[in-house]
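Participant: Structure in structure tokens, see below.
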Amino acid sequence: MSARDDILRGVRQALAGVSPAVEVPAAPRVPDRGDLVALFVERVEDYRAVVTRCAPDEVDQVVRDVLGSARAVVPPDLGLDLPGAVVDDVFTATELDAYDAVVTRAAVGIAETGTVVLDHQPDQGRRAITLVPDLHVCVVDGGQVVADVPDAIALLDPARPLTWISGPSATSDIELDRVEGVHGPRTLHVVLVG
Amino acid sequence: MRIALQITCVNDAMFPDTGKAVVRLLRRLGVEVDFPREQTCCGQPMVNTGYLDEAVPVVRRFVDAFAGYDAIVTPSGSCAGSARHQHSIVAERSGDPALAAAVAETGPRTYELSEFLVDVLGVTDVGAYFPHRTTYHPTCHSLRMLGVGDRPTRLLEAVRGIELVDLPHATECCGFGGTFALKNADASIAMGADKARHVRDTGAEVLVAGDNSCLMHVGGMLSRQRAGVRVMHLAEVLASTEEDEG
Amino acid sequence: MSGTFVGMPAFPTAAREALGDTQLRRNLAHATHVIRDKRAKVVAEVEDWEELRLAGAGVKEAALRDLATHLETLEASLVRAGATVHWARDAEEACAIVAQVTKAHGVDEVVKVKSMATAEIGLNEALEAEGIAAWETDLAELIVQLGDDLPSHILVPAIHRNRAEIREIFLRRMGDVGRPAPVDLTDEPAVLAAAARAHLREKFLRAKVAVSGANFAVAETGTLVVVESEGNGRMCLTLPEVLISVVGIEKVVATWADLDPLLRLLPRSSTGERMNPYTSTWSGVTPGDGPQEVHVVLLDNGRTRALADDVGRQALRCIRCSACLNVCPVYERVGGHAYGSVYPGPIGAILNPLLHGVSDEQTASLPYASSLCGACFEVCPVRIDIPSVLVDQRAAVVDSHRGDRVPKAEAVAMKAAAWAFSDSRRLAWAEKASGLGGRLLRRFGRTTLPGGRAAAGRLPGPAAGWTGARDLPAPPEESFRDWWDRTDGGRDGGAR
Ligand code: SF4
């Protein structure tokens with residue numbers, strides 16, 4: 001018998017006489033927290049990420065200022081005017097390692113947890129580009145911010161690869177003390193529009 | 001209302017003064033308890049060591065001894081927890097539906113002393129007098145298995161003359177754990193040493209708890225350290241009056 | 001390349017040794033208290049935490065109760081999404097599958113995301129035997145691997161090491177396997193983390209094959225989820241061409257929406273954060289993004305055994321948050337190695353016997369490695385009643401010895417106690433005998449407890465386990481029941 005059939009048979013045997021019906025209580029909703037965008041900003045900053053708020057017509061300039069002279073890679077449909085930024089041309093990891101920064105948009109922002117979620121559409125690019133450079137500038141629209149995790153899950157398409165980002169890369173592996181900056185981008189700069 | 005005292009095997013054999021205090025306290029509050037002579041032990045020592053078959057006759061004895069009482073009051077969070085949460089496991093093991101039915105009767109009627117005082121009798125001021133610096137350790141089974149919450153501290157706060165001080169890290173286990181204290185003596189002692197240290201840090205003269213077995217463990221360590229702290233069961237503090245102190 | 005748990009002594013012996021390790025005691029006391037406080041703070045922030053726990057437990061329990069169906073659904077979804085699905089009955093089969101896929105690509109190294117399943121099956125050692133180097137990329141795993149050490153915690157395997165020890169390990173060993181640590185390395189956590197970043201980067205950039213586990217596997221969509229902090233997970237899941245994920249069959253949840261309570265419960269319970277820095281989800285292969293060859297190995301290795309246990313089944317709900325370890329007073333003092341398994345602490349004390357049975361002495365000692373204080377159940381995000389399972393596993397241990405020709409002393413004592421407790425007259429005799437002992441002590445003993453009661457000091461024999469560190473009150477002259485009879489329950493004026 002194949003391992004597959006063996007295991008499935010074992011599982012069925014183990015559960016013989018066990019009713020599959022289990023009452024699953026609905027997960028509770030967070031109470032209304034008021035201004036979601038303000039909460040989002042506060043919670044992102046809690047992770048020691050940087051947040052800049054600006055109006056829609058200021059985005060290009062704000063991002064240019066954040067980048068300064070950094071060499072930036074950008075996804076194909078970013079939709080910002082960033083002189084000098086290079087559009088991702090399916091670079092290898094080693095090629096990406098030569099860039100200092102990456103600028104992307106996002107799919108969803110989660111206020112309660114201060115999380116941005118990327119679903120890697122063309123305005124966010126492949127997963128690799130937001131990983132190798134050391135500075136990630138992420139442009140989030142105020143209208144993309146939802147209250148909590150269940151709202152994000154309802155909006156997101158699991159068929160797409162998703163990356164949930166809550167602050168810069170960090171570790172608690174040394175004496176369970178959190179320090180920022182390990183393998184992922186050491187600086188996360190969220191530009192919140194509106 | 002017929003009320004029975006479940007003294008517990010440890011109190012019966014080692015701490016009769018706790019039992020006498022319960023009787024005196026309840027009598028002062030106008031409650032007469034019966035002491036069913038057939039009672040022995042709740043069976044927890046067997047259950048917690050894994051001897052379920054051996055626990056069956058003991059649990060049988062328990063339900064026989066306490067059948068027909070409206071309330072069973074016991075000065076032990078651990079034994080109340082055993083009656084309420086473990087007797088059904090033993091009954092299931094026995095395969096005897098009559099025993100299962102019997103434990104379903106006695107279990108919910110078993111009250112730890114502070115629950116009985118606060119929930120059944122509705123008192124928090126029991127008229128006690130105890131002019132000593134005292135700290136209280138919430139034992140794990142009373143805290144987590146029964147959920148007695150702040151009942152014991154509410155009772156203690158109402159005691160006249162008492163100087164009640166918070167125990168640091170109060171909710172951490174003292175390390176007794178029944179046969180754990182023997183099977184894993186080293187870990188048990190390490191835990192007890194820290195509990196004793198926290199007790200000493202309070203500067204209290206008396207350590208109070210609702211389980212004499214835990215107190216025997218921590219108190220035994222404090223005694224060995226010549227720490228100058230004595231241990232007392234909650235019942236004994238609540239039974240104290242001006243006469244006792246005089 | 002790393003140590004082994006094989007041949008570990010039973011828990012009490014291993015614990016005694018660990019309790020004497022002062023550095024370990026200090027490191028663990030510090031780390032567990034830091035994380036306890038952090039967890040308590042972020043959990044207190046969630047008003048409906050208890051409801052969230054119920055929802056989390058419900059989602060996992062429902063998935064387990066219908067596991068065969070969900071596994072078949074998962075397999076179909078994965079295949080549809082372009083993944084190759086393998087099944088492994090045990091550790092050996094799982095390791096062989098990973099080795100064979102790796103070799104098919106002609107490489108002699110893989111990068112690894114921290115994964116309990118691959119630690120459980122001893123994958124690194126198995127690959128090493130096949131000439132394949134497995135590079136751990138999680139900081140704590142790297143510390144353990146470089147130090148030829150064993151993991152001692154499910155979330156932070158190097159929790160038993162402090163910053164000074166980590167610095168020494170990095171200085172001594174990094175150069176042997178790649179980019180050396182800078183000579184001026186300090187023991188600042190940020191500096192140590194930067195050294196790991198530099199050391200591992202070359203490995204990430206050149207790796208062709210990565211191995212991961214998964215925190216969750218969604219049946220209806222074929223989605224795997226990896227929850228992490230450092231970004232090493234993203235590196236492994238994104239940059240290599242081939243990804244092999246070893247997933248325990250209990251990781252399945254039915255639907256995408258089922259992730260909700262779990263993704264809210266896990267970070268707060270584990271690292272004490274509202275959300276962990278990075279969570280990656282992927283469903284098979286995404287053309288043009290990430291690994292273009294994706295394998296999933298579904299692992300049994302004792303899980304069907306645990307599933308068959310009506311009381312113990314709930315242990316398979318575990319989402320490996322490690323909250324139960326962090327609050328456990330035994331774990332806090334003894335550390336993880338004494339449990340002799342990659343799964344230490346309260347969850348290890350039930351999971352190991354459930355997965356493997358209690359026939360060997362070491363595993364049989366684990367259910368007793370607890371005072372049954374219940375702190376683990378209180379924090380468990382999926383409400384695993386660990387104390388009840390511990391007690392049930394103790395019964396399994398006792399039952400496995402019922403056929404012994406020579407019963408253990410403990411069994412004899414328990415039978416005797418049961419005999420005495422089955423009849424109040426027998427108990428009364430026993431109490432009279434102990435009262436006699438008490439009289440002797442009061443007469444000849446020299447120890448008194450604070451408050452004046454006579455006591456026994458150090459006693460020999462079986463009592464030494466108690467009296468080695470604690471005085472023992474002398475039995476009273478008169479038991480409670482004798483007092484009651486003599487005074488009619490104190491009504492004869494004998495209330496004292
Ligand atoms: S048993 Fe519960 S508390 Fe312990 S690691 Fe598993 S999920 Fe976390």
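Following the order of the structure tokens, chains are lettered A, B, ..., residues in each are numbered from 1, and ligands are numbered from 1.
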What are the DSSP alpha helix (DSSP H) residues of segment 244-315 of chain C, as a count of residues only?

Facilitator: 17

Participant: Do you know which residues are at most 10 Å from Met232 of chain B counting only C-alpha atoms, after dropping those on the same chain fewer than 3 positions away, and could you put them as an mmCIF file with all heavy atoms, in the first residue's frame?

Facilitator:
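So the final result, stored in out-v9.cif, reads:
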```cif
data_model
loop_
_atom_site.group_PDB
_atom_site.id
_atom_site.type_symbol
_atom_site.label_atom_id
_atom_site.label_comp_id
_atom_site.auth_asym_id
_atom_site.auth_seq_id
_atom_site.Cartn_x
_atom_site.Cartn_y
_atom_site.Cartn_z
ATOM 1 N N ASP B 17 -6.241 20.392 63.193
ATOM 2 C CA ASP B 17 -6.595 21.742 63.648
ATOM 3 C C ASP B 17 -7.336 22.528 62.569
ATOM 4 O O ASP B 17 -8.158 23.386 62.868
ATOM 5 C CB ASP B 17 -5.340 22.517 64.068
ATOM 6 C CG ASP B 17 -4.790 22.004 65.394
ATOM 7 O OD1 ASP B 17 -5.506 21.207 66.060
ATOM 8 O OD2 ASP B 17 -3.661 22.372 65.760
ATOM 9 N N THR B 18 -7.002 22.257 61.309
ATOM 10 C CA THR B 18 -7.709 22.925 60.214
ATOM 11 C C THR B 18 -9.179 22.512 60.223
ATOM 12 O O THR B 18 -10.074 23.345 60.085
ATOM 13 C CB THR B 18 -7.056 22.572 58.864
ATOM 14 O OG1 THR B 18 -5.726 23.075 58.872
ATOM 15 C CG2 THR B 18 -7.826 23.173 57.700
ATOM 16 N N THR B 134 0.499 39.269 57.246
ATOM 17 C CA THR B 134 0.134 38.008 56.606
ATOM 18 C C THR B 134 0.208 38.155 55.095
ATOM 19 O O THR B 134 -0.129 39.206 54.551
ATOM 20 C CB THR B 134 -1.321 37.649 56.996
ATOM 21 O OG1 THR B 134 -1.404 37.603 58.414
ATOM 22 C CG2 THR B 134 -1.759 36.322 56.415
ATOM 23 N N TYR B 136 -0.764 35.917 51.334
ATOM 24 C CA TYR B 136 -1.624 34.828 50.866
ATOM 25 C C TYR B 136 -1.101 34.248 49.555
ATOM 26 O O TYR B 136 -0.833 34.975 48.599
ATOM 27 C CB TYR B 136 -3.058 35.347 50.680
ATOM 28 C CG TYR B 136 -3.970 34.356 49.999
ATOM 29 C CD1 TYR B 136 -4.466 33.247 50.682
ATOM 30 C CD2 TYR B 136 -4.318 34.510 48.657
ATOM 31 C CE1 TYR B 136 -5.290 32.320 50.057
ATOM 32 C CE2 TYR B 136 -5.139 33.589 48.022
ATOM 33 C CZ TYR B 136 -5.624 32.499 48.729
ATOM 34 O OH TYR B 136 -6.427 31.586 48.093
ATOM 35 N N VAL B 206 3.179 35.331 58.699
ATOM 36 C CA VAL B 206 2.335 34.171 58.431
ATOM 37 C C VAL B 206 2.061 34.062 56.930
ATOM 38 O O VAL B 206 1.721 35.048 56.281
ATOM 39 C CB VAL B 206 0.976 34.290 59.162
ATOM 40 C CG1 VAL B 206 0.150 33.030 58.954
ATOM 41 C CG2 VAL B 206 1.188 34.557 60.642
ATOM 42 N N LEU B 207 2.226 32.853 56.409
ATOM 43 C CA LEU B 207 1.825 32.557 55.030
ATOM 44 C C LEU B 207 0.528 31.760 55.084
ATOM 45 O O LEU B 207 0.467 30.710 55.723
ATOM 46 C CB LEU B 207 2.911 31.748 54.321
ATOM 47 C CG LEU B 207 2.496 31.142 52.967
ATOM 48 C CD1 LEU B 207 2.250 32.235 51.928
ATOM 49 C CD2 LEU B 207 3.550 30.154 52.466
ATOM 50 N N VAL B 208 -0.478 32.267 54.383
ATOM 51 C CA VAL B 208 -1.796 31.623 54.394
ATOM 52 C C VAL B 208 -2.105 31.060 53.022
ATOM 53 O O VAL B 208 -1.750 31.657 52.003
ATOM 54 C CB VAL B 208 -2.888 32.651 54.780
ATOM 55 C CG1 VAL B 208 -4.281 32.045 54.653
ATOM 56 C CG2 VAL B 208 -2.656 33.145 56.187
ATOM 57 N N ALA B 209 -2.755 29.886 53.002
ATOM 58 C CA ALA B 209 -3.245 29.327 51.751
ATOM 59 C C ALA B 209 -4.432 28.431 52.063
ATOM 60 O O ALA B 209 -4.719 28.146 53.230
ATOM 61 C CB ALA B 209 -2.148 28.537 51.035
ATOM 62 N N GLY B 210 -5.078 27.977 51.011
ATOM 63 C CA GLY B 210 -6.262 27.142 51.184
ATOM 64 C C GLY B 210 -5.990 25.658 51.034
ATOM 65 O O GLY B 210 -6.933 24.869 50.971
ATOM 66 N N ASP B 211 -4.733 25.276 50.948
ATOM 67 C CA ASP B 211 -4.380 23.863 50.810
ATOM 68 C C ASP B 211 -3.212 23.530 51.730
ATOM 69 O O ASP B 211 -2.104 24.032 51.542
ATOM 70 C CB ASP B 211 -3.980 23.543 49.371
ATOM 71 C CG ASP B 211 -5.171 23.303 48.478
ATOM 72 O OD1 ASP B 211 -5.672 22.160 48.450
ATOM 73 O OD2 ASP B 211 -5.621 24.268 47.830
ATOM 74 N N ASN B 212 -3.443 22.631 52.669
ATOM 75 C CA ASN B 212 -2.372 22.302 53.607
ATOM 76 C C ASN B 212 -1.228 21.527 52.965
ATOM 77 O O ASN B 212 -0.102 21.569 53.461
ATOM 78 C CB ASN B 212 -2.929 21.507 54.785
ATOM 79 C CG ASN B 212 -3.425 22.430 55.890
ATOM 80 O OD1 ASN B 212 -2.895 23.531 56.069
ATOM 81 N ND2 ASN B 212 -4.439 22.005 56.623
ATOM 82 N N LEU B 215 1.095 24.037 51.719
ATOM 83 C CA LEU B 215 1.704 24.718 52.874
ATOM 84 C C LEU B 215 2.731 23.834 53.566
ATOM 85 O O LEU B 215 3.722 24.314 54.102
ATOM 86 C CB LEU B 215 0.617 25.130 53.868
ATOM 87 C CG LEU B 215 -0.227 26.332 53.451
ATOM 88 C CD1 LEU B 215 -1.328 26.594 54.475
ATOM 89 C CD2 LEU B 215 0.647 27.574 53.277
ATOM 90 N N MET B 216 2.472 22.526 53.548
ATOM 91 C CA MET B 216 3.426 21.596 54.172
ATOM 92 C C MET B 216 4.763 21.666 53.432
ATOM 93 O O MET B 216 5.830 21.597 54.031
ATOM 94 C CB MET B 216 2.843 20.189 54.107
ATOM 95 C CG MET B 216 3.572 19.161 54.921
ATOM 96 S SD MET B 216 2.558 17.682 55.127
ATOM 97 C CE MET B 216 2.673 16.949 53.512
ATOM 98 N N GLY B 219 6.029 25.517 53.776
ATOM 99 C CA GLY B 219 6.294 25.695 55.201
ATOM 100 C C GLY B 219 7.474 24.853 55.660
ATOM 101 O O GLY B 219 8.284 25.295 56.483
ATOM 102 N N VAL B 229 8.894 32.335 59.486
ATOM 103 C CA VAL B 229 7.560 32.508 58.922
ATOM 104 C C VAL B 229 6.794 31.217 59.184
ATOM 105 O O VAL B 229 7.305 30.139 58.906
ATOM 106 C CB VAL B 229 7.604 32.746 57.395
ATOM 107 C CG1 VAL B 229 6.208 33.040 56.864
ATOM 108 C CG2 VAL B 229 8.573 33.861 57.045
ATOM 109 N N ALA B 235 -8.640 28.585 56.884
ATOM 110 C CA ALA B 235 -9.704 28.318 57.858
ATOM 111 C C ALA B 235 -9.283 28.722 59.260
ATOM 112 O O ALA B 235 -10.081 29.249 60.039
ATOM 113 C CB ALA B 235 -10.076 26.831 57.836
ATOM 114 N N GLU B 236 -8.008 28.493 59.566
ATOM 115 C CA GLU B 236 -7.544 28.789 60.925
ATOM 116 C C GLU B 236 -7.472 30.290 61.165
ATOM 117 O O GLU B 236 -7.754 30.764 62.266
ATOM 118 C CB GLU B 236 -6.191 28.114 61.168
ATOM 119 C CG GLU B 236 -6.328 26.591 61.146
ATOM 120 C CD GLU B 236 -4.998 25.867 61.220
ATOM 121 O OE1 GLU B 236 -4.172 26.239 62.055
ATOM 122 O OE2 GLU B 236 -4.809 24.924 60.422
ATOM 123 N N VAL B 237 -7.115 31.033 60.128
ATOM 124 C CA VAL B 237 -7.097 32.495 60.269
ATOM 125 C C VAL B 237 -8.525 33.006 60.431
ATOM 126 O O VAL B 237 -8.822 33.835 61.301
ATOM 127 C CB VAL B 237 -6.417 33.155 59.053
ATOM 128 C CG1 VAL B 237 -6.523 34.676 59.136
ATOM 129 C CG2 VAL B 237 -4.959 32.727 58.970
ATOM 130 N N GLY C 451 6.205 28.455 65.064
ATOM 131 C CA GLY C 451 4.878 28.328 65.651
ATOM 132 C C GLY C 451 4.841 27.227 66.696
ATOM 133 O O GLY C 451 3.925 27.150 67.501
#
```

Participant: For a test of reading the model, state the distance in Å between atom CA of Ile386 of chain C and atom CA of Met116 of chain C, rounded to one decimal.

Facilitator: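 For atom CA of Ile386 of chain C relative to atom CA of Met116 of chain C, the distance reads 19.5 Å.
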
Participant: Give me, as a PyMOL selection string, the set of residues whose atoms come within 8 Å of any atom of ligand 1, counting only C-alpha atoms and all ligand atoms.

Facilitator: chain C and resi 154+266+269-270+315+317-325+346-347+376-377+379-384+386

Participant: If DSSP is run on the backbone, what residues of segment 8-187 of chain A are strand (DSSP E or B)? A reply as a PyMOL selection string would be ideal.

Facilitator: chain A and resi 50-54+72-74+86-87+101-105+108-110+115-118+135-141+145-146+162-165+170-174+177-180+187

Participant: Set out as a Markdown table a contact list for chain B and chain C with a cut-off of 7 Å, giving each residue of chain B that qualifies its closest atom pair and distance in Å to one decimal, counting only C-alpha atoms, ordered by chain and rising residue number.

Facilitator:
```
| residue | atom | partner | partner_atom | distance |
| --- | --- | --- | --- | --- |
| B:Asp12 | CA | C:Phe480 | CA | 4.7 |
| B:Ala13 | CA | C:Ser479 | CA | 5.1 |
| B:Met14 | CA | C:Pro475 | CA | 5.2 |
| B:Pro16 | CA | C:Phe480 | CA | 4.5 |
| B:Gly19 | CA | C:Phe480 | CA | 6.7 |
| B:Lys20 | CA | C:Ala495 | CA | 6.5 |
| B:Arg24 | CA | C:Ala495 | CA | 6.9 |
| B:Glu38 | CA | C:Ser424 | CA | 5.2 |
| B:Gln39 | CA | C:Ser424 | CA | 6.1 |
| B:Thr40 | CA | C:Phe421 | CA | 5.3 |
| B:Cys41 | CA | C:Phe421 | CA | 6.1 |
| B:Met46 | CA | C:Met414 | CA | 6.6 |
| B:Asn48 | CA | C:Val391 | CA | 5.7 |
| B:Thr49 | CA | C:Arg394 | CA | 6.2 |
| B:Gly50 | CA | C:Ala395 | CA | 3.7 |
| B:Tyr51 | CA | C:Ala395 | CA | 6.0 |
| B:Leu52 | CA | C:Ala395 | CA | 6.5 |
| B:Glu54 | CA | C:Ala418 | CA | 5.6 |
| B:Ala55 | CA | C:Ala418 | CA | 6.6 |
| B:Pro57 | CA | C:Ser422 | CA | 5.6 |
| B:Val58 | CA | C:Ser422 | CA | 5.0 |
| B:Arg61 | CA | C:Ser422 | CA | 6.0 |
| B:Cys140 | CA | C:Cys373 | CA | 5.1 |
| B:His141 | CA | C:Cys373 | CA | 6.7 |
| B:Arg144 | CA | C:Gly374 | CA | 6.3 |
| B:Cys173 | CA | C:Cys373 | CA | 6.0 |
| B:Gly175 | CA | C:Ser371 | CA | 6.2 |
| B:Phe176 | CA | C:Ser371 | CA | 6.7 |
| B:Gly177 | CA | C:Ser371 | CA | 4.1 |
| B:Phe180 | CA | C:Ser371 | CA | 5.7 |
| B:Leu182 | CA | C:Gly465 | CA | 5.6 |
| B:Asn184 | CA | C:Pro12 | CA | 5.4 |
| B:Ala185 | CA | C:Gly465 | CA | 6.0 |
| B:Asp186 | CA | C:Arg16 | CA | 5.9 |
| B:Ala187 | CA | C:Val330 | CA | 6.5 |
| B:Ile189 | CA | C:Ala469 | CA | 6.9 |
| B:His217 | CA | C:Arg470 | CA | 6.8 |
| B:Gly220 | CA | C:Arg470 | CA | 4.2 |
| B:Met221 | CA | C:Arg470 | CA | 4.4 |
| B:Ser223 | CA | C:Leu449 | CA | 5.6 |
| B:Arg224 | CA | C:Asp471 | CA | 5.7 |
| B:Gly228 | CA | C:Pro450 | CA | 6.1 |
| B:Val229 | CA | C:Pro450 | CA | 6.3 |
| B:Arg230 | CA | C:Pro450 | CA | 5.1 |
```

Participant: Between atom CA of Leu15 of chain A and atom CA of Ile97 of chain C, measure the distance and give it in Å to one decimal.

Facilitator: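 Interatomic distance, atom CA of Leu15 of chain A to atom CA of Ile97 of chain C: 27.5 Å.
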
Participant: Hey, which of C:Ala96, C:Val101, C:Leu262, C:Val211 ends up closest to Ala134 of chain C? Count only C-alpha atoms.

Facilitator: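 Of C:Ala96, C:Val101, C:Leu262, C:Val211, the one nearest Ala134 of chain C is C:Val211, counting only C-alpha atoms.
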
Participant: What does the distance between atom CA of Leu239 of chain C and atom CA of Ala128 of chain A come to in Å, to one decimal place?

Facilitator: 6.5 Å
